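Visitor: Once you've had a glance at the structure underneath, I'll fire off some questions.
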Amino acid sequence: MASAELPVLKPADYGTDQDVRWCPGCGDYSILAQMKKVMSNLNMSREDTVFVSGIGCSSRFPYYMNTYGMHSVHGRAPAFATGLKSSRQDLTVFVITGDGDALSIGGNHLMHVLRRNVNLNIILFNNRIYGLTKGQYSPTSEKGKVTKSTPMGAIDNPIHPLSVAISCEATFVARSIDVHIKHLAQTLERAVAHKGVSFVEVYQNCNVFNDGAYKWATDKDTKMETVLELEHGKPLIFGKDRDKGIRLHGMTPEVVELGKGISEDDLLFHDEKTADPTLAYLLTRMSHPEFPEPIGVLRDIDAPCYDDAINYQVSQAKETRGEASLDKLFNSGDTWVVE
Amino acid sequence: MSTTTENTTALKDVQPLEEATVRFCGDSGDGMQLAGTQFSNTSALAGNDIATFPDFPAEIRAPRGTLAGVSGFQIHFASHDIFTPGETVDALVAMNPAALKTNLGDLRRNGVLIINSDAFDKKALGQAGYESNPIDDDSLSGFQVFAVPMTSMTRGAVDGLDLSVKEADRCRNFFAMGLVFWLYGRSMEPTLRFIDAKFSKLPSIAEANRRAIKAGYNFGETTDAFRSSYKVDKAKLPPGTYRNMTGNQALAWGLMSAAKLSEKKLFLGSYPITPASDILHELSKYKNFDVLTFQAEDEIAAVCAAIGAAYGGQMALTTTSGPGMALKGEAMGLAMMLELPLVIVDVQRGGPSTGLPTKTEQADLLQAMFGRNGESPIPVIAARSPADCFDVAIEAWRIATRFMTPIIILTDGYIANGSEPWRIPNVADLPKIEIKHPGPRNEEDPPFMAYQRDEQLARPWAIPGTPGLMHRVGGLEKQDGTGNVSYDPQNHQHMVNTRAKKVANIADFVPQQEVMGAESGKVLVLSWGGTYGACRTAVARLQAEGKEVSHAHLRYLNPFPRNLGTLLASFDKVLIPELNMGQLRILIRDKYLVDAAGLNKVQGKPFTTTEIAEKIESLLA
């Protein structure tokens with residue numbers, strides 16, 4: 001029987017013939033593999049997808065995807081993507097960036113792309129180090145971090161990417177981990193499905209300059225105690241025996257043990273659809289080692305997109321002012337004739 | 001003094017003039033720009049050729065009455081072709097002592113000097129540094145002085161409209177306008193229409209302005225102070241329909257036309273900066289022309305967003321002034337490497353750094369040529385006058401798309417804010433800009449080569465959404481043909497050479513350099529950008545005196561027209577007047593080994609014709 005179905009592309013069909021030049025063991029490989037799998041799962045069209053990146057290890061990503069792509073300049077990928085998406089709404093546009101790219105040199109652009117709610121998928125690879133420039137501390141490096149540029153320890157307070165995203169009222173905010181491949185794939189799929197800006201932070205290991213940065217979150221002995229998987233509508237429970245939870249004490253979260261008079265109903269329930277960003281922000285403030293760190297979708301709300309609005313103004317202007325005619329414009333207002 | 005009423009005549013003379021230059025000046029809150037604009041539009045509508053020069057401080061409102069806060073607007077109008085806003089002023093309107101003090105030096109001997117005498121009180125005189133009132137001493141004896149109590153007469157005119165004193169006084173500029181309208185026989189109609197439209201929601205203000213302008217006009221008509229008025233006939237311009245245009249407006253309309261001629265959506269990424277912001281404002285008005293305007297968070301985001309749109313296949317534009325272009329440098333280099341079409345407009349102002357934001361200069365030429373890291377050739381073209389901005393905009397997009405390159409348009413504050421008549425073209429007569437995007441390919445076709453070049457060395461503009469053309473661009477060096485990242489030393493040399501050659505090839509695509517006057521001789525004046533009018537007028541004047549001087553004005557600065565070298569070699573001396581310290585001269589000396597002389601000035605002001613003529617004469621001597 002003749003089938004009208006489109007050919008289904010396999011993950012490998014989304015890859016290019018270019019040698020991948022990341023260091024062996026780099027967490028980027030895993031993210032690349034999951035991205036191809038997600039595109040295949042969603043049967044995304046290669047020609048309608050564009051990957052835009054800045055500068056850094058992660059930003060080589062577009063070269064390895066058989067889609068359209070642009071490896072741009074340091075920190076500015078959100079701006080390139082804004083221009084592209086605003087003028088080509090038919091395309092699916094990803095921004096691939098790292099902690100240095102997005103949060104140092106590109107901090108301003110990140111803030112603005114998030115608050116504008118441009119319908120883009122931003123994937124931030126956070127390895128808490130500068131990899132491509134060979135090992136200086138990054139804006140997410142912990143205070144006291146000893147690196148080539150901070151032999152006496154970093155004195156800057158680290159920035160929390162998800163806190164920034166929520167403060168800018170990003171409409172989709174999520175976190176995943178490079179080696180939690182199933183979770184990563186699901187999170188990326190959710191990001192693609194979201195209409196509006198999606199901001200996904202991926203904890204990613206740099207085995208050369210910052211090996212083990214997230215060991216606590218990936219090690220099978222500790223991860224159940226240190227990571228909390230968020231589920232919409234469900235209470236915040238974690239632990240190998242799912243015996244711990246997060247309760248609100250006034251405006252601050254606290255870790256509690258279930259049983260001993262505390263039931264699930266006493267815990268904080270996750271609601272990713274709440275328009276008010278306060279609870280989502282609170283989740284971004286839970287950090288290791290005081291708290292298990294939440295992964296999954298912190299926020300997923302509907303809001304008008306910048307790219308819709310900018311094009312809507314054009315169609316509105318056309319509607320209210322009629323067919324645009326240069327001749328008419330040129331001859332409008334005060335003119336005079338020289339015979 | 002000359003405010004006397006002696007020698008009155010029953011009927012006033014109307015003296016015919018070929019041309020006149022009028023300047024309005026006052027405090028920066030006095031509405032002098034509005035007065036000047038209205039007088040220019042009215043003169044243009046009366047059929048004169050006009051050229052204007054708005055001049056204002058960088059502060060929104062400098063302290064009232066101070067020398068630093070003086071705002072001026074000069075209009076030169078004539079019954080023949082003119083190219084400059086004039087140098088000596090025939091009639092000066094000074095709304096306060098500070099304005100008088102800073103502008104009197106430009107008024108010709110025996111010129112008309114209209115003063116708001118009400119503003120010449122002790123405090124204001126002191127602020128301007130006058131020890132005695134110039135109206136009462138004989139320091140103004142060389143001029144025809146008309147000291148008019150404009151403030152009190154304006155208050156009288158609007159009496160009964162229930163306005164505050166402040167609101168009433170704000171109409172003084174309309175009184176001054178009315179008086180000057182009468183002096184030069186101008187119709188008030190266009191300005192009355194303007195008042196109706198502008199103040200439609202403020203009927204009492206509209207009425208006050210109507211009364212003020214009429215009061216000024218009637219004062220000229222009825223008072224015995226003025227013995228004559230003047231009349232400048234219509235200019236004999238080429239037949240057609242005209243309108244008055246500023247450079248920024250003409251540029252915006254040219255860019256919109258370029259989009260239409262190439263059937264593209266126009267995407268502007270911009271960040272506000274004086275004196276370029278009006279291009280953003282103008283384009284933002286015309287969204288119904290498929291114009292998307294993106295006011296970015298900074299200059300860098302502005303250019304990057306435009307490059308994103310270019311990759312998507314749209315007409316990409318970014319507009320800025322010198323400091324903004326400095327910030328855009330890295331992204332411009334990227335666009336050059338991506339080989340994507342992008343129009344970068346730099347409305348030059350006084351530099352360096354923040355410099356003189358509201359004053360003109362031509363000192364970004366070397367920045368445009370070289371202001372990027374690495375070997376990064378970008379074509380540069382320059383507009384010569386306000387109306388010329390329209391043509392330059394279209395030409396820029398034609399070059400950018402034919403050669404797949406970013407291109408820089410240089411204008412300056414003088415061109416951007418100045419205005420002149422623009423002959424309205426028929427859109428159907430403007431040549432189309434043909435753009436070819438490669439079509440889809442199948443899996444079995446050979447792989448798409450994103451950097452395969454045509455005979456002009458331009459690469460294909462493959463746009464996302466086209467099946468089979470998936471490709472990645474970026475700022476890492478490209479392998480020629482495939483566009484894959486390549487660190488091969490020979491390939492890098494080859495790509496640097498190729499990109500340079502591609503830009504050099506544009507010289508075959510642009511017209512040969514024209515010359516006004518003989519193609520050889522003693523002196524060639526070589527100019528570019530906004531100095532066109534002053535150079536052309538100076539050379540024409542000397543040619544009329546039989547002097548052996550010619551004028552070549554460059555539109556194409558990178559690459560230069562093919563015949564420029566030959567042309568330069570055909571003259572004994574070459575003079576390059578520039579509002580910088582010799583930037584074109586550096587380029588000309590380098591490329592053609594011609595010992596060109598410079599005439600250089602960086603004072604935030606355009607050249608006067610006399611300055612240029614004197615320099616030419618010294619070279620002829």
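Starting from 1 in every chain, residues are counted up; chains themselves are A, B, ... following the order of the structure tokens, and ligands are numbered from 1 as listed.
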Taking 6 positions as the minimum chain separation for residues in the same chain, which residues sit within 12 Å of Leu42 (chain A) when counting only C-alpha atoms? Answer as a list in words.

Guide: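 My reading of the contact set: Val8, Leu9, Lys10, Pro11, Met35, Lys36, Ala185, Gln186, Leu188, Glu189, Arg190, Ala191, Val192 and Ala193 of chain A.
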
Visitor: Excluding Lys522 (chain B) and its own-chain neighbours fewer than 4 positions away, which residues fall within 12 Å of it when counting only C-alpha atoms? Please give them as a PyMOL selection string.

Guide: chain B and resi 517-518+543+547-551+568-575+616-621

Visitor: Find, counting only C-alpha atoms, the residue in A:His109, A:Lys240, A:Arg116, A:Lys143 that gets nearest to Lys220 (chain A).

Guide: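 Smallest distance to Lys220 (chain A) is found for A:Lys240.
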
Visitor: Need the shell around Gly27 (chain A): protein/DNA/RNA residues with any atom at most 12 Å away, counting only C-alpha atoms. Skip same-chain ones fewer than 3 positions apart. Format as a VMD selection string?

Guide: chain A and resid 22 to 24 30 to 34 57 to 58 125 to 127 131 177 to 181 184 202 to 208 210 to 214 218

Visitor: Now that the selection is made, can you save its residues with C-alpha atoms as a PDB file, in the first residue's frame?

Guide:
ATOM      1  CA  TRP A  22      35.472  18.221  21.557  1.00  0.00           C
ATOM      2  CA  CYS A  23      37.841  16.598  24.044  1.00  0.00           C
ATOM      3  CA  PRO A  24      37.206  12.904  24.570  1.00  0.00           C
ATOM      4  CA  SER A  30      25.949  13.607  25.243  1.00  0.00           C
ATOM      5  CA  ILE A  31      23.988  16.795  24.617  1.00  0.00           C
ATOM      6  CA  LEU A  32      24.677  16.531  20.889  1.00  0.00           C
ATOM      7  CA  ALA A  33      23.457  12.931  20.861  1.00  0.00           C
ATOM      8  CA  GLN A  34      20.279  13.800  22.754  1.00  0.00           C
ATOM      9  CA  CYS A  57      33.395  24.876  23.210  1.00  0.00           C
ATOM     10  CA  SER A  58      29.636  24.436  23.214  1.00  0.00           C
ATOM     11  CA  PHE A 125      25.851  24.353  28.742  1.00  0.00           C
ATOM     12  CA  ASN A 126      27.079  25.110  32.258  1.00  0.00           C
ATOM     13  CA  ASN A 127      30.424  23.556  33.166  1.00  0.00           C
ATOM     14  CA  GLY A 131      37.076  25.677  28.540  1.00  0.00           C
ATOM     15  CA  ILE A 177      22.238  17.103  33.392  1.00  0.00           C
ATOM     16  CA  ASP A 178      24.419  15.942  30.509  1.00  0.00           C
ATOM     17  CA  VAL A 179      24.571  12.322  31.596  1.00  0.00           C
ATOM     18  CA  HIS A 180      20.913  11.981  32.618  1.00  0.00           C
ATOM     19  CA  ILE A 181      20.206  11.267  29.027  1.00  0.00           C
ATOM     20  CA  LEU A 184      17.808  15.590  29.107  1.00  0.00           C
ATOM     21  CA  VAL A 202      22.390  21.721  31.297  1.00  0.00           C
ATOM     22  CA  TYR A 203      24.931  20.779  33.931  1.00  0.00           C
ATOM     23  CA  GLN A 204      27.808  19.624  31.847  1.00  0.00           C
ATOM     24  CA  ASN A 205      31.176  18.227  32.759  1.00  0.00           C
ATOM     25  CA  CYS A 206      34.503  19.567  31.526  1.00  0.00           C
ATOM     26  CA  ASN A 207      36.784  16.666  32.187  1.00  0.00           C
ATOM     27  CA  VAL A 208      39.886  18.670  31.283  1.00  0.00           C
ATOM     28  CA  ASN A 210      36.771  21.253  35.789  1.00  0.00           C
ATOM     29  CA  ASP A 211      36.320  17.538  36.069  1.00  0.00           C
ATOM     30  CA  GLY A 212      33.693  16.436  38.515  1.00  0.00           C
ATOM     31  CA  ALA A 213      32.030  19.799  38.893  1.00  0.00           C
ATOM     32  CA  TYR A 214      28.701  18.047  39.191  1.00  0.00           C
ATOM     33  CA  THR A 218      25.832  12.353  38.572  1.00  0.00           C
TER      34      THR A 218
END

Visitor: DSSP on the backbone: what in region 318-489 of chain B comes out strand (DSSP E or B), as number ranges by chain?

Guide: B: 318-320, 342-348, 350, 356, 380-382, 406-412, 419-423, 451, 472-474, 478, 481, 485

Visitor: What would the file look like if the residues just selected were written as a tab-separated table (two decimals), in the first residue's frame with C-alpha atoms?

Guide:
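After the write, result_35.tsv holds the following:
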chain	number	residue	atom	x	y	z
B	318	THR	CA	21.73	48.76	10.96
B	319	THR	CA	21.97	52.51	11.52
B	320	THR	CA	24.29	54.33	13.85
B	342	LEU	CA	24.12	44.03	5.22
B	343	VAL	CA	23.79	47.80	5.05
B	344	ILE	CA	25.54	49.72	7.83
B	345	VAL	CA	24.73	53.41	7.99
B	346	ASP	CA	27.12	55.68	9.88
B	347	VAL	CA	25.83	59.21	10.31
B	348	GLN	CA	29.14	60.79	11.32
B	350	GLY	CA	32.27	65.08	15.88
B	356	LEU	CA	30.50	66.58	19.66
B	380	VAL	CA	32.21	52.18	1.61
B	381	ILE	CA	30.06	54.72	-0.16
B	382	ALA	CA	29.09	58.22	0.89
B	406	PRO	CA	28.25	44.17	4.12
B	407	ILE	CA	28.54	47.76	2.95
B	408	ILE	CA	28.96	51.02	4.83
B	409	ILE	CA	27.08	54.18	3.94
B	410	LEU	CA	28.69	57.30	5.35
B	411	THR	CA	26.61	60.39	5.81
B	412	ASP	CA	27.09	63.06	8.47
B	419	SER	CA	17.29	69.57	3.91
B	420	GLU	CA	16.89	70.36	0.23
B	421	PRO	CA	14.32	69.81	-2.52
B	422	TRP	CA	14.08	66.24	-3.73
B	423	ARG	CA	12.68	65.43	-7.13
B	451	TYR	CA	31.17	29.21	-0.62
B	472	ARG	CA	26.74	26.36	8.62
B	473	VAL	CA	28.41	29.73	8.57
B	474	GLY	CA	30.63	31.29	11.18
B	478	LYS	CA	36.26	28.89	5.78
B	481	GLY	CA	33.96	26.21	-1.83
B	485	VAL	CA	36.07	25.33	8.99

Visitor: Please provide as number ranges by chain all residues within 10 Å of Asp13 (chain A), with the sequence filter that same-chain residues fewer than 5 positions apart are discarded (counting only C-alpha atoms).

Guide: A: 8, 36-37, 39-40, 46, 65-67

Visitor: Determine the nearest neighbour of Lys244 (chain A) from the options A:Phe51, A:Tyr281, A:Phe209, A:Phe291, counting only C-alpha atoms.

Guide: A:Phe291

Visitor: Considering only C-alpha atoms, return as JSON, numbers by chain whatever protein or nucleic-acid residues lie within 8 Å of Gln316 (chain A), sequence-local ones (same chain, fewer than 4 positions apart) excluded.

Guide: {"A": [312, 320], "B": [288]}

Visitor: Within 7 Å of chain A, which residues of chain B are there when counting only C-alpha atoms? Please give them as a ChimeraX atom specification.

Guide: /B:45,237,239-243,287-290,292,297,301,304-309,312,331,424,426-427,464-467,470-475

Visitor: What is the distance between CA of Ser321 (chain B) and CA of Ile588 (chain B), in Å to one decimal?

Guide: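 Spanning CA of Ser321 (chain B) to CA of Ile588 (chain B) is a straight-line distance of 24.3 Å.
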
Visitor: Give me, as a list in words, all polymer residues having an atom no more than 9 Å from Glu578 (chain B), counting only C-alpha atoms and skipping those fewer than 6 positions away in the same chain.

Guide: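 Within the cut-off, the hits are Glu361, Gln362, Ala363, Ser527, Trp528, Gly529, Thr531, Leu584, Arg585, Gly598, Leu599, Asn600, Lys601, Val602 and Phe607 of chain B.
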
Visitor: Write out, as a CSV table (one decimal), in the first residue's frame, the residues just selected, with N, CA, C and O atoms.

Guide:
chain,number,residue,atom,x,y,z
B,361,GLU,N,31.1,66.1,11.4
B,361,GLU,CA,32.5,65.8,11.1
B,361,GLU,C,32.5,64.7,10.1
B,361,GLU,O,31.5,64.0,9.9
B,362,GLN,N,33.7,64.5,9.5
B,362,GLN,CA,33.8,63.4,8.5
B,362,GLN,C,34.9,62.5,8.9
B,362,GLN,O,35.7,62.0,8.0
B,363,ALA,N,35.1,62.3,10.2
B,363,ALA,CA,36.3,61.6,10.6
B,363,ALA,C,36.2,60.1,10.9
B,363,ALA,O,37.0,59.5,11.5
B,527,SER,N,36.8,65.7,-3.4
B,527,SER,CA,36.0,65.7,-2.1
B,527,SER,C,35.1,64.5,-2.0
B,527,SER,O,35.0,63.7,-2.9
B,528,TRP,N,34.6,64.3,-0.8
B,528,TRP,CA,33.6,63.2,-0.6
B,528,TRP,C,32.7,63.7,0.5
B,528,TRP,O,32.9,64.5,1.3
B,529,GLY,N,31.5,63.1,0.5
B,529,GLY,CA,30.5,63.3,1.5
B,529,GLY,C,29.9,64.7,1.5
B,529,GLY,O,29.7,65.3,0.5
B,531,THR,N,30.9,67.6,2.1
B,531,THR,CA,31.6,68.9,1.7
B,531,THR,C,31.3,69.2,0.2
B,531,THR,O,31.7,70.2,-0.3
B,584,LEU,N,41.0,61.0,3.8
B,584,LEU,CA,40.9,60.6,2.4
B,584,LEU,C,42.3,60.8,1.8
B,584,LEU,O,42.8,60.0,1.0
B,585,ARG,N,43.0,61.9,2.3
B,585,ARG,CA,44.3,62.2,1.8
B,585,ARG,C,45.3,61.0,2.1
B,585,ARG,O,46.1,60.7,1.2
B,598,GLY,N,45.9,69.0,1.6
B,598,GLY,CA,44.7,68.9,2.4
B,598,GLY,C,44.2,70.3,2.8
B,598,GLY,O,45.0,71.3,2.9
B,599,LEU,N,42.9,70.4,3.0
B,599,LEU,CA,42.3,71.5,3.7
B,599,LEU,C,41.4,70.9,4.8
B,599,LEU,O,40.4,70.2,4.4
B,600,ASN,N,41.9,71.0,6.0
B,600,ASN,CA,41.2,70.2,7.0
B,600,ASN,C,40.7,71.1,8.2
B,600,ASN,O,41.4,72.1,8.6
B,601,LYS,N,39.6,70.7,8.7
B,601,LYS,CA,39.0,71.5,9.7
B,601,LYS,C,38.1,70.5,10.6
B,601,LYS,O,37.4,69.7,10.1
B,602,VAL,N,38.2,70.6,11.9
B,602,VAL,CA,37.4,69.9,12.8
B,602,VAL,C,36.8,70.8,13.8
B,602,VAL,O,37.4,70.9,15.0
B,607,PHE,N,32.4,73.4,6.0
B,607,PHE,CA,33.2,74.4,5.3
B,607,PHE,C,32.3,75.5,4.8
B,607,PHE,O,31.2,75.3,4.4

Visitor: Closest to Tyr306 (chain A) among A:Gly107, A:Gly196, A:Pro253, A:Pro158, using only C-alpha atoms?

Guide: A:Gly196

Visitor: Skip Ser353 (chain B) itself and residues of its chain fewer than 6 positions away, then list as a count of residues only all residues within 10 Å of it, counting only C-alpha atoms.

Guide: 4

Visitor: Taking the chain letters and numbering used in this document, name the residues of region 85-262 of chain A that DSSP puts in helix (DSSP H, G or I), as a count of residues only.

Guide: 48

Visitor: Nearest to Ser262 (chain B) among B:Gln314, B:Asn48, B:Ser486, B:Ser200, with distances taken over only C-alpha atoms: which residue is it?

Guide: B:Gln314
